[in-house]
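**Student:** Structure file entry_21.cif (mmCIF, C-alpha atoms; chains and numbers go by the auth columns) is given on the next line.
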data_input
loop_
_atom_site.group_PDB
_atom_site.id
_atom_site.type_symbol
_atom_site.label_atom_id
_atom_site.label_comp_id
_atom_site.label_asym_id
_atom_site.label_seq_id
_atom_site.Cartn_x
_atom_site.Cartn_y
_atom_site.Cartn_z
_atom_site.B_iso_or_equiv
_atom_site.auth_seq_id
_atom_site.auth_asym_id
ATOM 1 C CA MET A 1 10.950 -51.669 -8.699 0.00 264 A
ATOM 2 C CA LYS A 2 11.569 -53.613 -11.896 0.00 265 A
ATOM 3 C CA SER A 3 13.894 -52.066 -14.467 0.00 266 A
ATOM 4 C CA GLY A 4 12.290 -50.880 -17.671 0.00 267 A
ATOM 5 C CA VAL A 5 15.389 -51.760 -19.675 0.00 268 A
ATOM 6 C CA ARG A 6 14.859 -54.496 -22.236 0.00 269 A
ATOM 7 C CA TRP A 7 18.455 -55.718 -22.325 0.00 270 A
ATOM 8 C CA GLY A 8 17.881 -58.303 -25.040 0.00 271 A
ATOM 9 C CA ARG A 9 16.498 -55.678 -27.393 0.00 272 A
ATOM 10 C CA VAL A 10 19.177 -53.176 -26.398 0.00 273 A
ATOM 11 C CA ILE A 11 21.999 -55.577 -27.260 0.00 274 A
ATOM 12 C CA ALA A 12 20.303 -56.880 -30.406 0.00 275 A
ATOM 13 C CA ALA A 13 19.604 -53.348 -31.660 0.00 276 A
ATOM 14 C CA ALA A 14 23.153 -52.162 -30.916 0.00 277 A
ATOM 15 C CA PHE A 15 24.621 -55.140 -32.751 0.00 278 A
ATOM 16 C CA ALA A 16 22.224 -54.705 -35.675 0.00 279 A
ATOM 17 C CA SER A 17 23.136 -51.022 -35.955 0.00 280 A
ATOM 18 C CA GLU A 18 26.797 -51.974 -36.341 0.00 281 A
ATOM 19 C CA VAL A 19 25.918 -54.573 -38.981 0.00 282 A
ATOM 20 C CA ILE A 20 23.941 -51.927 -40.868 0.00 283 A
ATOM 21 C CA VAL A 21 26.926 -49.544 -40.877 0.00 284 A
ATOM 22 C CA VAL A 22 29.190 -52.271 -42.272 0.00 285 A
ATOM 23 C CA ALA A 23 26.573 -53.152 -44.905 0.00 286 A
ATOM 24 C CA ILE A 24 26.259 -49.508 -45.973 0.00 287 A
ATOM 25 C CA LEU A 25 30.023 -49.159 -46.302 0.00 288 A
ATOM 26 C CA PHE A 26 30.274 -52.444 -48.197 0.00 289 A
ATOM 27 C CA ALA A 27 27.541 -51.330 -50.608 0.00 290 A
ATOM 28 C CA ILE A 28 29.221 -47.976 -51.240 0.00 291 A
ATOM 29 C CA ILE A 29 32.624 -49.556 -51.845 0.00 292 A
ATOM 30 C CA ALA A 30 31.144 -52.259 -54.093 0.00 293 A
ATOM 31 C CA ALA A 31 29.206 -49.669 -56.105 0.00 294 A
ATOM 32 C CA TYR A 32 32.384 -47.648 -56.591 0.00 295 A
ATOM 33 C CA ARG A 33 34.412 -50.693 -57.574 0.00 296 A
ATOM 34 C CA PHE A 34 31.949 -52.279 -59.977 0.00 297 A
ATOM 35 C CA PHE A 35 29.874 -49.388 -61.330 0.00 298 A
ATOM 36 C CA VAL A 36 31.575 -46.031 -60.832 0.00 299 A
ATOM 37 C CA SER A 37 35.208 -46.898 -61.401 0.00 300 A
ATOM 38 C CA PRO A 38 35.713 -50.500 -62.578 0.00 301 A
ATOM 39 C CA GLY A 39 39.106 -51.802 -63.659 0.00 302 A
ATOM 40 C CA ARG A 40 41.231 -49.789 -61.245 0.00 303 A
ATOM 41 C CA GLY A 41 43.937 -51.164 -58.991 0.00 304 A
ATOM 42 C CA MET A 42 43.291 -52.644 -55.566 0.00 305 A
ATOM 43 C CA ALA A 43 45.263 -49.823 -53.911 0.00 306 A
ATOM 44 C CA GLU A 44 42.815 -47.259 -55.300 0.00 307 A
ATOM 45 C CA TYR A 45 39.837 -49.245 -54.037 0.00 308 A
ATOM 46 C CA GLN A 46 41.418 -49.529 -50.604 0.00 309 A
ATOM 47 C CA GLU A 47 42.064 -45.786 -50.539 0.00 310 A
ATOM 48 C CA PHE A 48 38.473 -45.112 -51.563 0.00 311 A
ATOM 49 C CA GLY A 49 37.243 -47.515 -48.871 0.00 312 A
ATOM 50 C CA ALA A 50 39.244 -45.678 -46.216 0.00 313 A
ATOM 51 C CA ARG A 51 37.887 -42.296 -47.362 0.00 314 A
ATOM 52 C CA ALA A 52 34.335 -43.601 -47.593 0.00 315 A
ATOM 53 C CA GLY A 53 34.606 -45.045 -44.103 0.00 316 A
ATOM 54 C CA TYR A 54 35.935 -41.789 -42.740 0.00 317 A
ATOM 55 C CA TYR A 55 33.145 -39.674 -44.208 0.00 318 A
ATOM 56 C CA VAL A 56 30.186 -42.059 -44.307 0.00 319 A
ATOM 57 C CA ALA A 57 30.545 -44.180 -41.161 0.00 320 A
ATOM 58 C CA PRO A 58 29.758 -41.471 -38.577 0.00 321 A
ATOM 59 C CA ALA A 59 26.501 -40.425 -40.251 0.00 322 A
ATOM 60 C CA ALA A 60 25.586 -44.032 -41.034 0.00 323 A
ATOM 61 C CA SER A 61 26.196 -45.049 -37.432 0.00 324 A
ATOM 62 C CA GLY A 62 23.950 -42.286 -36.093 0.00 325 A
ATOM 63 C CA LEU A 63 21.188 -43.115 -38.564 0.00 326 A
ATOM 64 C CA ALA A 64 21.441 -46.882 -38.015 0.00 327 A
ATOM 65 C CA THR A 65 21.357 -46.429 -34.235 0.00 328 A
ATOM 66 C CA PHE A 66 18.325 -44.132 -34.539 0.00 329 A
ATOM 67 C CA LEU A 67 16.461 -46.726 -36.626 0.00 330 A
ATOM 68 C CA MET A 68 17.375 -49.598 -34.336 0.00 331 A
ATOM 69 C CA ALA A 69 16.400 -47.625 -31.225 0.00 332 A
ATOM 70 C CA LEU A 70 13.081 -46.812 -32.862 0.00 333 A
ATOM 71 C CA TRP A 71 12.602 -50.516 -33.627 0.00 334 A
ATOM 72 C CA ALA A 72 13.594 -51.657 -30.135 0.00 335 A
ATOM 73 C CA ALA A 73 11.406 -49.134 -28.324 0.00 336 A
ATOM 74 C CA ARG A 74 8.333 -49.409 -30.518 0.00 337 A
ATOM 75 C CA LYS A 75 6.386 -51.728 -28.193 0.00 338 A
ATOM 76 C CA LEU A 76 7.506 -50.278 -24.879 0.00 339 A
ATOM 77 C CA ARG A 77 5.097 -48.504 -22.565 0.00 340 A
ATOM 78 C CA THR A 78 7.740 -46.607 -20.594 0.00 341 A
ATOM 79 C CA ASP A 79 11.468 -45.889 -20.581 0.00 342 A
ATOM 80 C CA PHE A 80 11.654 -45.236 -24.321 0.00 343 A
ATOM 81 C CA ILE A 81 14.471 -42.725 -24.062 0.00 344 A
ATOM 82 C CA LEU A 82 16.424 -44.812 -21.544 0.00 345 A
ATOM 83 C CA ASN A 83 16.322 -47.864 -23.811 0.00 346 A
ATOM 84 C CA GLY A 84 17.192 -45.814 -26.892 0.00 347 A
ATOM 85 C CA THR A 85 20.115 -44.105 -25.195 0.00 348 A
ATOM 86 C CA LEU A 86 21.415 -47.438 -23.896 0.00 349 A
ATOM 87 C CA ILE A 87 21.333 -48.757 -27.461 0.00 350 A
ATOM 88 C CA GLY A 88 23.526 -45.832 -28.489 0.00 351 A
ATOM 89 C CA VAL A 89 25.907 -46.469 -25.601 0.00 352 A
ATOM 90 C CA ALA A 90 26.059 -50.203 -26.365 0.00 353 A
ATOM 91 C CA ALA A 91 26.730 -49.482 -30.044 0.00 354 A
ATOM 92 C CA MET A 92 29.509 -47.131 -28.993 0.00 355 A
ATOM 93 C CA VAL A 93 31.029 -49.806 -26.761 0.00 356 A
ATOM 94 C CA LEU A 94 30.881 -52.336 -29.607 0.00 357 A
ATOM 95 C CA ALA A 95 32.783 -49.939 -31.880 0.00 358 A
ATOM 96 C CA SER A 96 35.212 -48.638 -29.253 0.00 359 A
ATOM 97 C CA GLY A 97 37.900 -51.157 -30.160 0.00 360 A
ATOM 98 C CA PHE A 98 38.340 -49.391 -33.477 0.00 361 A
ATOM 99 C CA LEU A 99 39.369 -46.219 -31.654 0.00 362 A
ATOM 100 C CA LEU A 100 42.331 -48.013 -30.108 0.00 363 A
ATOM 101 C CA THR A 101 43.664 -49.125 -33.487 0.00 364 A
ATOM 102 C CA ALA A 102 42.804 -45.954 -35.419 0.00 365 A
ATOM 103 C CA LYS A 103 45.412 -43.651 -36.863 0.00 366 A
ATOM 104 C CA PRO A 104 45.787 -40.564 -34.669 0.00 367 A
ATOM 105 C CA GLU A 105 44.344 -38.331 -37.389 0.00 368 A
ATOM 106 C CA ASP A 106 41.213 -40.543 -37.566 0.00 369 A
ATOM 107 C CA ARG A 107 40.425 -40.595 -33.845 0.00 370 A
ATOM 108 C CA SER A 108 38.302 -37.458 -33.960 0.00 371 A
ATOM 109 C CA MET A 109 36.057 -39.149 -36.530 0.00 372 A
ATOM 110 C CA TYR A 110 35.495 -42.023 -34.105 0.00 373 A
ATOM 111 C CA LEU A 111 34.616 -39.610 -31.309 0.00 374 A
ATOM 112 C CA VAL A 112 32.078 -37.903 -33.587 0.00 375 A
ATOM 113 C CA SER A 113 30.741 -41.317 -34.533 0.00 376 A
ATOM 114 C CA PHE A 114 30.357 -42.282 -30.864 0.00 377 A
ATOM 115 C CA ALA A 115 28.486 -39.063 -30.099 0.00 378 A
ATOM 116 C CA LEU A 116 26.186 -39.630 -33.097 0.00 379 A
ATOM 117 C CA ARG A 117 25.444 -43.176 -31.931 0.00 380 A
ATOM 118 C CA ILE A 118 24.347 -41.932 -28.517 0.00 381 A
ATOM 119 C CA LEU A 119 22.384 -39.053 -30.056 0.00 382 A
ATOM 120 C CA GLY A 120 20.774 -41.433 -32.567 0.00 383 A
ATOM 121 C CA GLY A 121 19.741 -43.785 -29.768 0.00 384 A
ATOM 122 C CA TYR A 122 18.333 -40.935 -27.712 0.00 385 A
ATOM 123 C CA LEU A 123 16.397 -39.523 -30.673 0.00 386 A
ATOM 124 C CA GLY A 124 15.119 -42.997 -31.620 0.00 387 A
ATOM 125 C CA GLY A 125 13.780 -43.465 -28.093 0.00 388 A
ATOM 126 C CA LEU A 126 12.263 -39.982 -28.164 0.00 389 A
ATOM 127 C CA ALA A 127 10.589 -40.676 -31.517 0.00 390 A
ATOM 128 C CA ALA A 128 9.202 -43.983 -30.208 0.00 391 A
ATOM 129 C CA GLN A 129 7.861 -42.195 -27.121 0.00 392 A
ATOM 130 C CA HIS A 130 6.225 -39.545 -29.284 0.00 393 A
ATOM 131 C CA SER A 131 4.729 -42.194 -31.557 0.00 394 A
ATOM 132 C CA ALA A 132 3.335 -44.137 -28.593 0.00 395 A
ATOM 133 C CA ALA A 133 1.845 -40.979 -27.081 0.00 396 A
ATOM 134 C CA SER A 134 0.220 -40.104 -30.416 0.00 397 A
ATOM 135 C CA ALA A 135 -1.225 -43.606 -30.724 0.00 398 A
ATOM 136 C CA MET A 136 -2.661 -43.392 -27.197 0.00 399 A
ATOM 137 C CA ARG A 137 -4.303 -40.031 -27.977 0.00 400 A
ATOM 138 C CA ARG A 138 -5.880 -41.478 -31.140 0.00 401 A
ATOM 139 C CA THR A 139 -7.389 -44.419 -29.259 0.00 402 A
ATOM 140 C CA ALA A 140 -8.607 -42.350 -26.315 0.00 403 A
#
So that I can check it, write out the structure of this file as structure tokens.

**Tutor:**
Amino acid sequence: MKSGVRWGRVIAAAFASEVIVVAILFAIIAAYRFFVSPGRGMAEYQEFGARAGYYVAPAASGLATFLMALWAARKLRTDFILNGTLIGVAAMVLASGFLLTAKPEDRSMYLVSFALRILGGYLGGLAAQHSAASAMRRTA
């Protein structure tokens, strides 16, 4: 039996979800630096960046993984949830190196982030499955 996993899409979606998280954090930090609080010292911007990463990255990672799982599974006929969940797992693996270098007090945030990546992938696959089922009912 042939596997229903589309590994190319899984890896591409996991990587893209990580890029999206970095882009979101960059945009938030840039907005703070140039629009909200211009003219401050670099130390303040670095402190803000660390706080923004701590609070924003977990939610952003779950949302980005959900969106990328939805994208990757949109044209599948089966194994939506499997592919979506694997995207979450792959995204978690890509980000796992950060856990090793994190401050001890930040490690729980990474664990939450990892769980949200897997949940986001699962829910993205589930949403794609639901969307495909709805489309099939409309055409039947």

**Student:** Which value, in Å to one decimal, gives the distance between atom CA of A:Ile274 and atom CA of A:Arg314?

**Tutor:**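 Computed distance, atom CA of A:Ile274 to atom CA of A:Arg314, equals 28.9 Å.
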
**Student:** Using all atoms listed in the file, pick whichever of A:Arg303, A:Phe377, A:Ala327, A:Ile292 has the shortest atom-to-atom distance to A:Val356.

**Tutor:**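 Going through A:Arg303, A:Phe377, A:Ala327, A:Ile292 one by one, the smallest distance to A:Val356 is for A:Phe377.
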
**Student:** Need the shell around A:Leu330: protein/DNA/RNA residues with any atom at most 9 Å away, counting all atoms listed in the file. Skip same-chain ones fewer than 2 positions apart. Format as a VMD selection string?

**Tutor:** chain A and resid 276 280 325 to 328 332 to 335 383 to 384 387

**Student:** Find the residue from A:Lys366, A:Gly388, A:Phe311, A:Ala358 that sits nearest to A:Val285; use only C-alpha atoms when measuring.

**Tutor:**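 Closest to A:Val285, using only C-alpha atoms: A:Ala358.
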
**Student:** Hey, what's within 10 Å of A:Arg296 if we count all atoms listed in the file and toss same-chain stuff fewer than 3 positions away? As a list in words, please?

**Tutor:**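 What passes the distance filter is Ala290, Ile291, Ile292, Ala293, Val299, Ser300, Pro301, Gly302, Arg303, Gly304, Met305, Glu307, Tyr308, Gln309, Phe311 and Gly312 of chain A.
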
**Student:** For this file, the PyMOL selection byres ((chain A and resi 281) around 10) selects which residues, as a list in words?

**Tutor:**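 When the PyMOL selection byres ((chain A and resi 281) around 10) is applied, the selected residues are Ala276, Ala277, Phe278, Ala279, Ser280, Val282, Ile283, Val284, Val285, Ala286, Ile287, Ala320, Ala323, Ser324, Ala327, Thr328, Met331, Ala354, Met355, Leu357, Ala358 and Arg380 of chain A.
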
**Student:** Would you compute the distance between atom CA of A:Arg340 and atom CA of A:Ser376? Give it in Å to one decimal.

**Tutor:**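 Taking atom CA of A:Arg340 and atom CA of A:Ser376, their separation equals 29.2 Å.
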
**Student:** Can you list, as a ChimeraX atom specification, the residues that the PyMOL selection byres ((chain A and resi 343) around 9) selects here?

**Tutor:** /A:267-268,332-333,335-337,339-342,344-348,385,387-392

**Student:** Keeping only C-alpha atoms, write the selected residues to a file as a PDB file, in the coordinates of the input.

**Tutor:**
ATOM      1  CA  GLY A 267      12.290 -50.880 -17.671  1.00  0.00           C
ATOM      2  CA  VAL A 268      15.389 -51.760 -19.675  1.00  0.00           C
ATOM      3  CA  ALA A 332      16.400 -47.625 -31.225  1.00  0.00           C
ATOM      4  CA  LEU A 333      13.081 -46.812 -32.862  1.00  0.00           C
ATOM      5  CA  ALA A 335      13.594 -51.657 -30.135  1.00  0.00           C
ATOM      6  CA  ALA A 336      11.406 -49.134 -28.324  1.00  0.00           C
ATOM      7  CA  ARG A 337       8.333 -49.409 -30.518  1.00  0.00           C
ATOM      8  CA  LEU A 339       7.506 -50.278 -24.879  1.00  0.00           C
ATOM      9  CA  ARG A 340       5.097 -48.504 -22.565  1.00  0.00           C
ATOM     10  CA  THR A 341       7.740 -46.607 -20.594  1.00  0.00           C
ATOM     11  CA  ASP A 342      11.468 -45.889 -20.581  1.00  0.00           C
ATOM     12  CA  ILE A 344      14.471 -42.725 -24.062  1.00  0.00           C
ATOM     13  CA  LEU A 345      16.424 -44.812 -21.544  1.00  0.00           C
ATOM     14  CA  ASN A 346      16.322 -47.864 -23.811  1.00  0.00           C
ATOM     15  CA  GLY A 347      17.192 -45.814 -26.892  1.00  0.00           C
ATOM     16  CA  THR A 348      20.115 -44.105 -25.195  1.00  0.00           C
ATOM     17  CA  TYR A 385      18.333 -40.935 -27.712  1.00  0.00           C
ATOM     18  CA  GLY A 387      15.119 -42.997 -31.620  1.00  0.00           C
ATOM     19  CA  GLY A 388      13.780 -43.465 -28.093  1.00  0.00           C
ATOM     20  CA  LEU A 389      12.263 -39.982 -28.164  1.00  0.00           C
ATOM     21  CA  ALA A 390      10.589 -40.676 -31.517  1.00  0.00           C
ATOM     22  CA  ALA A 391       9.202 -43.983 -30.208  1.00  0.00           C
ATOM     23  CA  GLN A 392       7.861 -42.195 -27.121  1.00  0.00           C
TER      24      GLN A 392
END

**Student:** Any idea what the distance is between atom CA of A:Glu310 and atom CA of A:Leu374?

**Tutor:**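 Atom-to-atom, atom CA of A:Glu310 and atom CA of A:Leu374 are spaced 21.5 Å apart.
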
**Student:** Assuming 5 Å of padding per side, give the centre and edge lengths of the axis-aligned box around every listed atom of stretch 379-384 of chain A, in Å to one decimal and as JSON.

**Tutor:**
{"center_x": 23.0, "center_y": -41.4, "center_z": -30.8, "size_x": 16.4, "size_y": 14.7, "size_z": 14.6}

**Student:** Identify which of the residues A:Ala306, A:Ala396, A:Val375, A:Ala294 lies closest to A:Ser359, counting all atoms listed in the file when measuring atom-to-atom distances.

**Tutor:** A:Val375
